[in-house]
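So this block is target38.cif, mmCIF, C-alpha atoms:
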data_target
loop_
_atom_site.label_atom_id
_atom_site.label_comp_id
_atom_site.auth_asym_id
_atom_site.auth_seq_id
_atom_site.Cartn_x
_atom_site.Cartn_y
_atom_site.Cartn_z
CA MET A 1 3.09 7.10 35.05
CA LEU A 2 0.59 9.76 34.21
CA PHE A 3 -2.02 7.32 33.06
CA ILE A 4 -2.20 5.70 36.46
CA ASP A 5 -2.99 9.05 38.07
CA ASP A 6 -5.72 9.55 35.53
CA LEU A 7 -7.24 6.15 36.14
CA LEU A 8 -7.19 6.55 39.91
CA ALA A 9 -8.96 9.87 39.66
CA LEU A 10 -11.86 8.35 37.76
CA PRO A 11 -15.08 7.28 39.44
CA ILE A 12 -15.79 3.53 39.56
CA THR A 13 -18.21 3.50 36.63
CA GLY A 14 -15.58 5.10 34.48
CA LEU A 15 -13.08 2.46 35.40
CA LYS A 16 -15.49 -0.27 34.43
CA SER A 17 -16.01 1.22 31.03
CA ILE A 18 -12.26 1.45 30.57
CA LEU A 19 -11.89 -2.23 31.38
CA ARG A 20 -14.58 -3.00 28.85
CA THR A 21 -12.77 -0.92 26.28
CA LEU A 22 -9.54 -2.69 27.03
CA ALA A 23 -11.22 -6.06 26.60
CA ARG A 24 -12.63 -4.97 23.28
CA VAL A 25 -9.29 -3.66 22.10
CA ALA A 26 -7.65 -6.92 23.09
CA GLU A 27 -10.25 -8.89 21.19
CA GLU A 28 -9.86 -6.70 18.14
CA GLN A 29 -6.11 -7.08 18.27
CA TYR A 30 -6.67 -10.79 18.37
CA THR A 31 -8.46 -10.80 15.01
CA ASP A 32 -7.52 -7.52 13.33
CA ASP A 33 -4.69 -7.76 10.84
CA ALA A 34 -4.65 -4.06 9.88
CA PRO A 35 -2.05 -3.03 12.51
CA ILE A 36 0.17 -5.91 11.43
CA LYS A 37 -0.04 -4.87 7.80
CA GLU A 38 0.78 -1.36 8.92
CA ARG A 39 3.86 -2.65 10.72
CA LEU A 40 4.98 -4.22 7.48
CA LEU A 41 4.58 -0.88 5.72
CA HIS A 42 6.58 0.85 8.44
CA LEU A 43 9.28 -1.76 8.12
CA GLN A 44 9.51 -1.13 4.39
CA VAL A 45 9.88 2.60 4.99
CA GLU A 46 12.65 1.90 7.50
CA LEU A 47 14.48 -0.24 4.98
CA ASP A 48 14.09 2.45 2.31
CA GLU A 49 15.45 5.07 4.67
CA GLY A 50 18.35 2.86 5.66
CA THR A 51 17.36 2.81 9.33
CA ILE A 52 17.51 -0.99 9.31
CA SER A 53 19.62 -3.43 7.37
CA GLU A 54 18.36 -5.87 4.77
CA ASP A 55 19.07 -8.75 7.19
CA GLU A 56 17.12 -7.09 9.96
CA TYR A 57 14.27 -6.47 7.53
CA VAL A 58 14.07 -10.10 6.47
CA LYS A 59 14.10 -11.22 10.10
CA GLN A 60 11.32 -8.88 11.15
CA GLU A 61 9.35 -9.52 8.00
CA ALA A 62 9.25 -13.24 8.74
CA GLU A 63 8.00 -12.51 12.26
CA ILE A 64 5.28 -10.15 11.02
CA LEU A 65 4.13 -12.57 8.34
CA ARG A 66 3.93 -15.35 10.88
CA GLU A 67 1.65 -13.22 13.05
CA LEU A 68 -0.40 -12.24 10.03
CA ARG A 69 -0.97 -15.86 9.11
CA GLU A 70 -1.89 -16.66 12.68
CA ILE A 71 -4.50 -13.94 12.76
CA GLN A 72 -5.92 -14.92 9.41
CA ASN A 73 -6.21 -18.52 10.54
CA ARG A 74 -7.84 -17.38 13.77
CA LYS A 75 -10.36 -15.39 11.77
CA ARG A 76 -11.11 -18.41 9.62
CA GLU A 77 -11.44 -20.52 12.73
CA MET A 78 -13.97 -18.12 14.24
CA ALA A 79 -15.90 -18.16 10.98
CA GLY A 80 -15.93 -21.94 11.13
CA LEU A 81 -13.67 -22.42 8.12
CA PRO A 82 -10.72 -24.81 7.81
CA PRO A 83 -7.30 -23.25 8.64
CA GLU A 84 -6.07 -22.61 5.14
CA GLU A 85 -7.51 -23.26 1.74
CA ALA A 86 -5.02 -24.65 -0.66
CA GLY A 87 -7.06 -24.38 -3.86
CA GLY A 88 -6.76 -21.75 -6.57
CA PHE A 89 -9.61 -19.54 -7.74
CA THR A 90 -12.20 -20.87 -10.14
CA GLY A 91 -13.39 -18.95 -13.17
CA LYS A 92 -16.75 -18.14 -11.66
CA VAL A 93 -17.07 -14.51 -10.70
CA LYS A 94 -19.95 -13.31 -8.60
CA GLU A 95 -22.28 -10.46 -9.40
CA GLY A 96 -20.65 -7.06 -9.04
CA SER A 97 -17.24 -8.11 -10.32
CA GLY A 98 -15.45 -5.89 -12.78
CA VAL A 99 -12.88 -3.20 -13.30
CA GLU A 100 -13.46 0.50 -12.81
CA LEU A 101 -11.60 3.76 -12.76
CA THR A 102 -11.17 5.49 -9.44
CA TRP A 103 -10.94 8.90 -11.09
CA ASP A 104 -13.12 10.84 -13.46
CA PRO A 105 -11.58 11.14 -16.95
CA ASN A 106 -13.98 13.97 -17.77
CA GLU A 107 -12.75 16.09 -14.90
CA LYS A 108 -11.06 19.41 -15.79
CA MET B 1 15.23 -37.62 -19.83
CA ASP B 2 12.90 -39.33 -17.45
CA ALA B 3 12.67 -37.87 -14.01
CA PRO B 4 9.46 -39.35 -12.66
CA ALA B 5 10.42 -38.83 -9.04
CA LEU B 6 10.25 -35.07 -9.46
CA GLY B 7 6.81 -35.24 -11.01
CA GLN B 8 7.55 -32.30 -13.30
CA SER B 9 7.18 -34.12 -16.61
CA ASN B 10 5.71 -32.14 -19.48
CA GLY B 11 2.24 -32.65 -20.81
CA GLN B 12 1.06 -34.43 -17.74
CA PRO B 13 -1.37 -32.19 -15.88
CA GLN B 14 -0.04 -31.53 -12.43
CA GLN B 15 -2.64 -31.93 -9.79
CA GLN B 16 -1.34 -29.17 -7.60
CA GLU B 17 -0.57 -26.50 -10.12
CA GLY B 18 -2.06 -23.07 -10.37
CA ARG B 19 -1.76 -19.96 -12.46
CA TYR B 20 -0.45 -16.80 -10.88
CA VAL B 21 -2.02 -13.77 -12.59
CA TYR B 22 -0.08 -10.47 -12.70
CA GLY B 23 -2.52 -8.36 -14.66
CA VAL B 24 -4.50 -7.88 -17.82
CA ILE B 25 -3.32 -6.30 -21.08
CA GLU B 26 -4.68 -5.69 -24.53
CA ALA B 27 -3.09 -8.24 -26.87
CA ARG B 28 -4.23 -10.50 -29.64
CA ASP B 29 -0.87 -12.06 -30.45
CA ASN B 30 0.84 -14.62 -28.34
CA MET B 31 3.37 -12.80 -26.24
CA GLY B 32 5.98 -14.16 -23.88
CA PHE B 33 7.76 -12.11 -21.25
CA GLY B 34 10.57 -14.47 -20.33
CA LYS B 35 11.37 -16.89 -17.55
CA ILE B 36 10.78 -14.43 -14.73
CA GLY B 37 7.72 -15.88 -12.98
CA ILE B 38 7.15 -15.53 -9.24
CA GLY B 39 8.27 -18.37 -6.97
CA GLY B 40 11.97 -18.48 -7.72
CA MET B 41 11.70 -21.33 -10.24
CA GLY B 42 12.11 -19.13 -13.32
CA GLU B 43 8.69 -20.04 -14.64
CA ASN B 44 7.77 -18.75 -18.07
CA VAL B 45 5.50 -15.70 -18.14
CA TYR B 46 2.92 -16.03 -20.89
CA CYS B 47 -0.52 -14.82 -22.00
CA VAL B 48 -3.95 -16.37 -21.63
CA HIS B 49 -6.24 -14.78 -24.20
CA HIS B 50 -9.88 -13.98 -24.54
CA GLY B 51 -10.33 -12.17 -27.81
CA ASP B 52 -8.15 -9.07 -27.75
CA VAL B 53 -7.49 -9.03 -24.02
CA ALA B 54 -5.05 -11.29 -22.22
CA ALA B 55 -4.05 -12.16 -18.69
CA VAL B 56 -0.32 -12.22 -17.98
CA VAL B 57 0.37 -15.40 -16.01
CA SER B 58 2.91 -17.96 -14.87
CA LYS B 59 2.55 -21.45 -13.45
CA THR B 60 2.99 -22.12 -9.78
CA PRO B 61 2.95 -25.18 -7.54
CA VAL B 62 1.59 -23.19 -4.59
CA PHE B 63 -1.65 -21.28 -4.23
CA ILE B 64 -0.84 -19.03 -1.31
CA PHE B 65 1.89 -16.40 -1.60
CA ASP B 66 3.11 -14.56 1.47
CA PRO B 67 3.68 -10.87 0.78
CA THR B 68 7.42 -11.16 1.43
CA ARG B 69 9.74 -8.63 -0.11
CA GLU B 70 11.12 -11.32 -2.38
CA ASN B 71 7.68 -12.26 -3.70
CA ALA B 72 6.59 -8.66 -4.03
CA LEU B 73 9.73 -7.80 -6.00
CA ALA B 74 9.20 -10.77 -8.33
CA HIS B 75 5.59 -9.70 -8.91
CA GLU B 76 6.73 -6.14 -9.56
CA HIS B 77 9.51 -7.21 -11.88
CA VAL B 78 7.04 -9.00 -14.17
CA ILE B 79 4.73 -5.98 -14.22
CA GLU B 80 7.68 -3.71 -14.97
CA THR B 81 8.71 -5.91 -17.88
CA VAL B 82 5.19 -6.00 -19.31
CA MET B 83 4.88 -2.23 -18.97
CA LYS B 84 7.77 -1.72 -21.37
CA THR B 85 5.48 -2.76 -24.20
CA ASN B 86 1.91 -2.76 -22.87
CA THR B 87 -0.56 -0.96 -20.69
CA ILE B 88 -1.39 -3.30 -17.84
CA ILE B 89 -4.23 -3.41 -15.36
CA PRO B 90 -2.48 -4.87 -12.32
CA MET B 91 -4.05 -7.68 -10.31
CA SER B 92 -3.76 -7.78 -6.55
CA PHE B 93 -0.67 -9.52 -5.27
CA GLY B 94 -1.14 -13.25 -4.76
CA THR B 95 -4.04 -13.96 -7.12
CA VAL B 96 -3.81 -17.61 -8.17
CA PHE B 97 -6.32 -19.43 -10.37
CA ARG B 98 -6.63 -23.15 -10.95
CA THR B 99 -6.30 -23.32 -14.74
CA ASP B 100 -5.98 -21.27 -17.93
CA ASP B 101 -9.65 -22.00 -18.63
CA ASP B 102 -10.67 -20.50 -15.30
CA ILE B 103 -8.81 -17.33 -16.27
CA ARG B 104 -10.46 -17.24 -19.70
CA GLU B 105 -13.84 -17.53 -18.04
CA VAL B 106 -13.10 -14.54 -15.82
CA LEU B 107 -11.82 -12.44 -18.72
CA LYS B 108 -15.01 -13.25 -20.60
CA SER B 109 -17.25 -12.31 -17.66
CA ILE B 110 -15.74 -8.89 -17.14
CA TYR B 111 -14.68 -8.20 -20.72
CA PRO B 112 -16.63 -4.93 -21.32
CA SER B 113 -15.28 -3.23 -18.20
CA LEU B 114 -11.75 -4.48 -18.97
CA LYS B 115 -11.88 -3.01 -22.47
CA ASP B 116 -13.18 0.29 -21.21
CA VAL B 117 -10.55 0.68 -18.49
CA LEU B 118 -7.71 -0.45 -20.79
CA LYS B 119 -8.75 2.24 -23.24
CA GLN B 120 -8.81 4.93 -20.54
CA MET B 121 -5.46 3.82 -19.16
CA ALA B 122 -3.63 3.56 -22.47
CA ASN B 123 -0.41 5.61 -22.41
CA LYS B 124 -0.80 6.60 -18.80
CA LEU B 125 1.63 5.94 -15.99
CA GLU B 126 1.48 6.19 -12.25
CA PHE B 127 4.14 7.84 -10.11
CA GLY B 128 4.44 7.85 -6.36
CA LEU B 129 5.55 10.76 -4.22
CA LYS B 130 6.31 10.38 -0.55
CA VAL B 131 7.41 13.48 1.29
CA THR B 132 8.97 13.39 4.74
CA TRP B 133 10.33 16.06 7.01
CA ASP B 134 12.54 16.24 10.05
CA ARG B 135 9.81 16.57 12.65
CA ASP B 136 12.11 17.79 15.44
CA ARG B 137 13.53 20.49 13.25
CA ILE B 138 10.08 21.72 12.27
CA VAL B 139 9.02 21.71 15.92
CA GLU B 140 12.03 23.91 16.74
CA GLU B 141 11.04 26.20 13.88
CA LEU B 142 7.50 26.40 15.15
CA LYS B 143 8.67 27.23 18.66
CA ARG B 144 10.59 30.15 17.21
CA GLU B 145 8.17 31.33 14.56
CA ASN B 146 4.69 30.50 15.78
CA GLU B 147 3.77 33.43 17.98
CA GLU B 148 1.19 31.57 20.04
CA ILE B 149 3.53 28.70 20.84
CA HIS B 150 6.46 31.01 21.43
CA ARG B 151 4.46 33.07 23.92
CA PHE B 152 3.04 30.05 25.69
CA GLN B 153 6.42 28.47 26.13
CA HIS B 154 7.80 31.75 27.41
CA GLU B 155 4.97 31.91 29.97
CA LEU B 156 5.68 28.37 31.09
CA THR B 157 9.31 29.13 31.72
CA ARG B 158 8.53 32.38 33.46
CA LYS B 159 5.96 30.88 35.81
CA HIS B 160 7.94 27.70 36.32
CA LEU B 161 4.99 25.73 34.98
CA GLN B 162 7.24 23.70 32.72
CA SER B 163 6.88 20.61 34.83
CA THR B 164 3.16 20.46 35.27
CA TYR B 165 1.38 17.78 33.37
CA PHE B 166 -1.43 19.93 32.02
CA ALA B 167 0.82 22.72 30.86
CA ARG B 168 2.96 20.26 28.94
CA MET B 169 -0.12 18.59 27.51
CA GLN B 170 -1.39 21.93 26.31
CA LEU B 171 1.93 22.83 24.72
CA GLY B 172 2.01 19.42 23.05
CA ARG B 173 -1.46 19.93 21.65
CA MET B 174 -0.57 23.38 20.34
CA ILE B 175 2.51 21.99 18.62
CA ASP B 176 0.58 19.08 17.11
CA LYS B 177 -2.03 21.44 15.75
CA ALA B 178 0.58 23.80 14.32
CA LEU B 179 2.45 20.84 12.82
CA SER B 180 -0.56 19.50 10.98
CA GLU B 181 -1.43 22.99 9.76
CA ARG B 182 2.08 23.44 8.47
CA ALA B 183 1.98 20.00 6.83
CA ALA B 184 -1.33 20.79 5.13
CA GLU B 185 0.11 24.05 3.79
CA VAL B 186 3.20 22.36 2.43
CA VAL B 187 1.20 19.53 0.85
CA ARG B 188 -1.13 22.03 -0.80
CA GLU B 189 1.86 23.88 -2.21
CA ILE B 190 3.33 20.66 -3.62
CA TYR B 191 0.03 19.71 -5.25
CA ASP B 192 -0.27 23.19 -6.75
CA GLY B 193 3.10 22.74 -8.42
CA LEU B 194 2.11 19.40 -9.97
CA ARG B 195 -1.59 19.62 -10.67
CA THR B 196 -1.31 21.06 -14.17
CA VAL B 197 1.04 18.29 -15.34
CA CYS B 198 -0.93 15.28 -14.13
CA VAL B 199 -4.19 13.66 -15.22
CA ALA B 200 -5.31 12.75 -11.72
CA SER B 201 -3.91 12.43 -8.22
CA ARG B 202 -4.69 10.52 -5.05
CA ASP B 203 -3.83 11.20 -1.47
CA ASN B 204 -2.98 8.06 0.52
CA LYS B 205 -2.58 7.67 4.25
CA VAL B 206 0.84 8.70 5.48
CA ILE B 207 3.07 6.07 7.10
CA GLY B 208 4.86 7.04 10.30
CA ASP B 209 5.12 10.47 11.91
CA LYS B 210 7.82 11.85 9.64
CA MET B 211 5.78 11.48 6.47
CA ILE B 212 3.50 14.37 5.51
CA MET B 213 2.49 13.31 2.03
CA ASN B 214 1.91 9.96 0.39
CA ALA B 215 0.48 10.65 -3.01
CA ALA B 216 0.03 8.93 -6.35
CA PHE B 217 -0.12 10.76 -9.66
CA LEU B 218 -1.48 9.60 -12.97
CA ILE B 219 0.56 11.01 -15.85
CA GLN B 220 0.15 11.00 -19.59
CA LYS B 221 3.15 9.07 -20.92
CA ASP B 222 4.33 11.90 -23.15
CA LYS B 223 4.27 14.27 -20.16
CA GLU B 224 6.71 12.20 -18.13
CA THR B 225 9.70 14.53 -18.56
CA GLU B 226 7.52 17.52 -17.83
CA PHE B 227 6.27 15.91 -14.62
CA ASP B 228 9.83 14.97 -13.62
CA SER B 229 10.99 18.54 -13.86
CA ALA B 230 7.87 19.82 -12.07
CA VAL B 231 8.71 17.47 -9.16
CA ASN B 232 12.30 18.72 -9.21
CA THR B 233 11.22 22.34 -9.18
CA VAL B 234 8.95 21.79 -6.19
CA ALA B 235 11.62 19.78 -4.37
CA GLN B 236 14.21 22.49 -4.94
CA LYS B 237 11.87 25.11 -3.61
CA PHE B 238 11.84 23.40 -0.20
CA GLY B 239 15.55 22.63 -0.22
CA ASP B 240 16.69 20.29 2.51
CA ARG B 241 13.70 21.02 4.74
CA LEU B 242 11.74 18.29 2.99
CA ASN B 243 12.79 14.94 1.66
CA PHE B 244 11.12 13.84 -1.59
CA LYS B 245 10.91 10.20 -2.54
CA TYR B 246 9.74 9.95 -6.11
CA THR B 247 9.06 6.49 -7.56
CA GLY B 248 7.74 4.98 -10.76
CA PRO B 249 6.58 4.40 -13.34
CA TRP B 250 4.05 2.09 -11.74
CA PRO B 251 0.99 0.46 -13.24
CA PRO B 252 -2.14 2.38 -12.22
CA TYR B 253 -2.55 0.72 -8.79
CA ASN B 254 -4.24 3.77 -7.36
CA PHE B 255 -6.39 4.68 -10.31
CA VAL B 256 -8.01 1.38 -11.20
CA ASN B 257 -10.12 -0.73 -8.96
CA ILE B 258 -10.38 -4.43 -9.75
CA ARG B 259 -13.31 -5.96 -7.97
CA LEU B 260 -13.27 -9.70 -8.40
CA LYS B 261 -15.52 -11.73 -6.19
CA LEU B 262 -14.05 -15.14 -6.75
CA GLU B 263 -14.67 -18.62 -5.52
CA ARG B 264 -11.84 -20.79 -4.38
CA GLY B 265 -11.77 -24.31 -5.65
CA THR B 266 -11.09 -26.93 -3.04
CA ALA B 267 -7.72 -28.59 -3.07
CA SER B 268 -8.08 -31.70 -5.14
#
Now that the file is in, can you turn its structure into C-alpha cells?
Amino acid sequence: MLFIDDLLALPITGLKSILRTLARVAEEQYTDDAPIKERLLHLQVELDEGTISEDEYVKQEAEILRELREIQNRKREMAGLPPEEAGGFTGKVKEGSGVELTWDPNEK
Amino acid sequence: MDAPALGQSNGQPQQQEGRYVYGVIEARDNMGFGKIGIGGMGENVYCVHHGDVAAVVSKTPVFIFDPTRENALAHEHVIETVMKTNTIIPMSFGTVFRTDDDIREVLKSIYPSLKDVLKQMANKLEFGLKVTWDRDRIVEELKRENEEIHRFQHELTRKHLQSTYFARMQLGRMIDKALSERAAEVVREIYDGLRTVCVASRDNKVIGDKMIMNAAFLIQKDKETEFDSAVNTVAQKFGDRLNFKYTGPWPPYNFVNIRLKLERGTAS
C-alpha cells in the first residue's frame, strides 16, 4: 500500500518518531472512550437512516457498551480506584456546582 | 400479601435502592407523572421538592445505567411526558442519588441558579436539525461545475497522470476543500433562513461524512409553527439535494449546562 512506500522513504529518525506516535496512539486507544462513544453515535445514525436493522443495532450496541465499560474500568484501575462503584450520589455538591445558560438572553 | 423472598415490601427501606433523577422543574404541588420510570419495572415517577422547585425522579434498584437505546428511550419518554405540562431542566442520563434527602440537599445548594435558569427557559423548546447530503453526487457536481477541479481532472486525463499517487492526492485535496466550502455555504444559507425565528442556535459536531449540519435551535413556544414552516421553506429550497432531519421538541439539552460536582456514596 501507499503508506508502506511512504514509510520506507523516510530517514531512520523519522521512523522512530512514527513508532513512538503509534505507541502513544495505542495507549490512548486503550484508555480513551471518546472514539467508542462516537461509534455509538454513528450506529444511531445508521439505525435512523435504515442502513442497519434494529436487531443489528442491539447486537452492535451491546458490543460497544461492553468495550466502553472495559475502558472505563481500565481508567479506574490506572487511577487506583476499585472497578465499579455501586453507590448513588450523595447530596453534597462541591464548589462550582450549578446551572447556567449556554447562550446570552440579551443577545439581539 | 407477604412476599418476603422478593424483598420488595413497602415501608421497609431497601438497602440497595437509589433515585434516578430526570430533571428539575418549577412546581410547588405534588405531581405524579405515571408508572413510566426507567429500568423496565414501571416505577412511579414523582417529585422531590425544595420550596418551589422539584426534581423529577423514580426509584431504582441499580445505580449504574448503561446508555442502551432502551434506557435512553425510557429516560426520554419521562422527559417528554413532563414537558407536556412543565419546563424541565434535563439532568444527564444516568444520574442516580441515594435518597430523596440527598436530592433535596442538592436542590437547596444550587437553588438560586436553578430558579434563574428555569425562568429564562420558561416557554422555550429545543429542536434539532441534522442535514445530510449525498456526498458522491455533490462530488460529481463539483467535478462538473468547479472550474479548478474540472480543469485539473482534464489535465490528468490528457497527460495520463490519472494513476500517479501525487496527482490523485492533489485532486482529492481539491475536492475535499471544495466540498467543505460548499457545505459551509449551504449551512450558512440554512441558518439565514431560520435565524429570525429562533432565540438561539448551536452548531454541534457532525457525525459521519454525509452530515454537513448538526444544529440545535432554541425556540419560543408560541413560535413553533412559524419555525416549522421556516424549516420547510429552507428544505424545499434545496429539494432532494439535501436531506433534512428535524426533531423535537426536546428539553434544552444544548442551551443549559448543569454542572454538578457530586460525591458518590459507597455501596452499603
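The residue that comes closest to Tyr111 in chain B, out of B:Asn146, B:Asn214, B:Gly42, B:Val53 and on the basis of all atoms listed in the file, is B:Val53.
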Inset, instruction - Apply the PyMOL selection byres ((chain B and resi 217) around 12) to the structure shown and report the selected residues as a PyMOL selection string. - result: (chain A and resi 103) or (chain B and resi 124-130+191+194-204+214-216+218-221+223-224+227-228+231+246-255)
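From CA of Ala184 in chain B back to CA of Glu155 in chain B, the distance works out to 27.9 Å.
From CA of Pro112 in chain B back to CA of Val21 in chain B, the distance works out to 19.2 Å.
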Inset, instruction - Would you kindly translate the PyMOL selection byres ((chain B) within 9 of (chain A)) into the concrete residues it picks from this file, as an MDAnalysis selection string? - result: chainID B and resid 16:19 62:64 66:69 89 95:99 101:107 109:114 116:117 120:121 165 199:202 207:208 254:268
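The gap separating CA of Ile36 in chain A from CA of Glu56 in chain A is 17.1 Å, in Å to one decimal.
Nearest-residue note for Glu70 in chain B: choosing from B:Phe93, B:Ile38, B:Glu145, B:His49, the minimum distance belongs to B:Ile38, counting only C-alpha atoms.
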Legend entry - Expected selection from the PyMOL selection byres ((chain B and resi 169-180) around 10), given as an MDAnalysis selection string: chainID B and resid 135 138:140 142:143 146 148:150 152:153 156 162 164:168 181:186 212
Could you write out as AutoDock Vina command-line options the box around range 32-40 of chain B (axis-aligned, all atoms listed in the file, 6 Å on each side), with centre and edge lengths in Å to one decimal?
--center_x 9.0 --center_y -15.3 --center_z -15.4 --size_x 18.0 --size_y 18.4 --size_z 28.9
Which residues, written as an mmCIF file with C-alpha atoms, in the frame of the given file, have at least one atom at most 10 Å from range 234-238 of chain B, with all atoms listed in the file counted and residues fewer than 2 positions away on the same chain left out?
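Written output follows (part_39.cif):
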data_model
loop_
_atom_site.group_PDB
_atom_site.id
_atom_site.type_symbol
_atom_site.label_atom_id
_atom_site.label_comp_id
_atom_site.auth_asym_id
_atom_site.auth_seq_id
_atom_site.Cartn_x
_atom_site.Cartn_y
_atom_site.Cartn_z
ATOM 1 C CA VAL B 131 7.410 13.480 1.290
ATOM 2 C CA VAL B 186 3.200 22.360 2.430
ATOM 3 C CA GLU B 189 1.860 23.880 -2.210
ATOM 4 C CA ILE B 190 3.330 20.660 -3.620
ATOM 5 C CA TYR B 191 0.030 19.710 -5.250
ATOM 6 C CA ASP B 192 -0.270 23.190 -6.750
ATOM 7 C CA GLY B 193 3.100 22.740 -8.420
ATOM 8 C CA LEU B 194 2.110 19.400 -9.970
ATOM 9 C CA SER B 229 10.990 18.540 -13.860
ATOM 10 C CA ALA B 230 7.870 19.820 -12.070
ATOM 11 C CA VAL B 231 8.710 17.470 -9.160
ATOM 12 C CA ASN B 232 12.300 18.720 -9.210
ATOM 13 C CA ASP B 240 16.690 20.290 2.510
ATOM 14 C CA ARG B 241 13.700 21.020 4.740
ATOM 15 C CA LEU B 242 11.740 18.290 2.990
ATOM 16 C CA ASN B 243 12.790 14.940 1.660
ATOM 17 C CA PHE B 244 11.120 13.840 -1.590
ATOM 18 C CA LYS B 245 10.910 10.200 -2.540
#
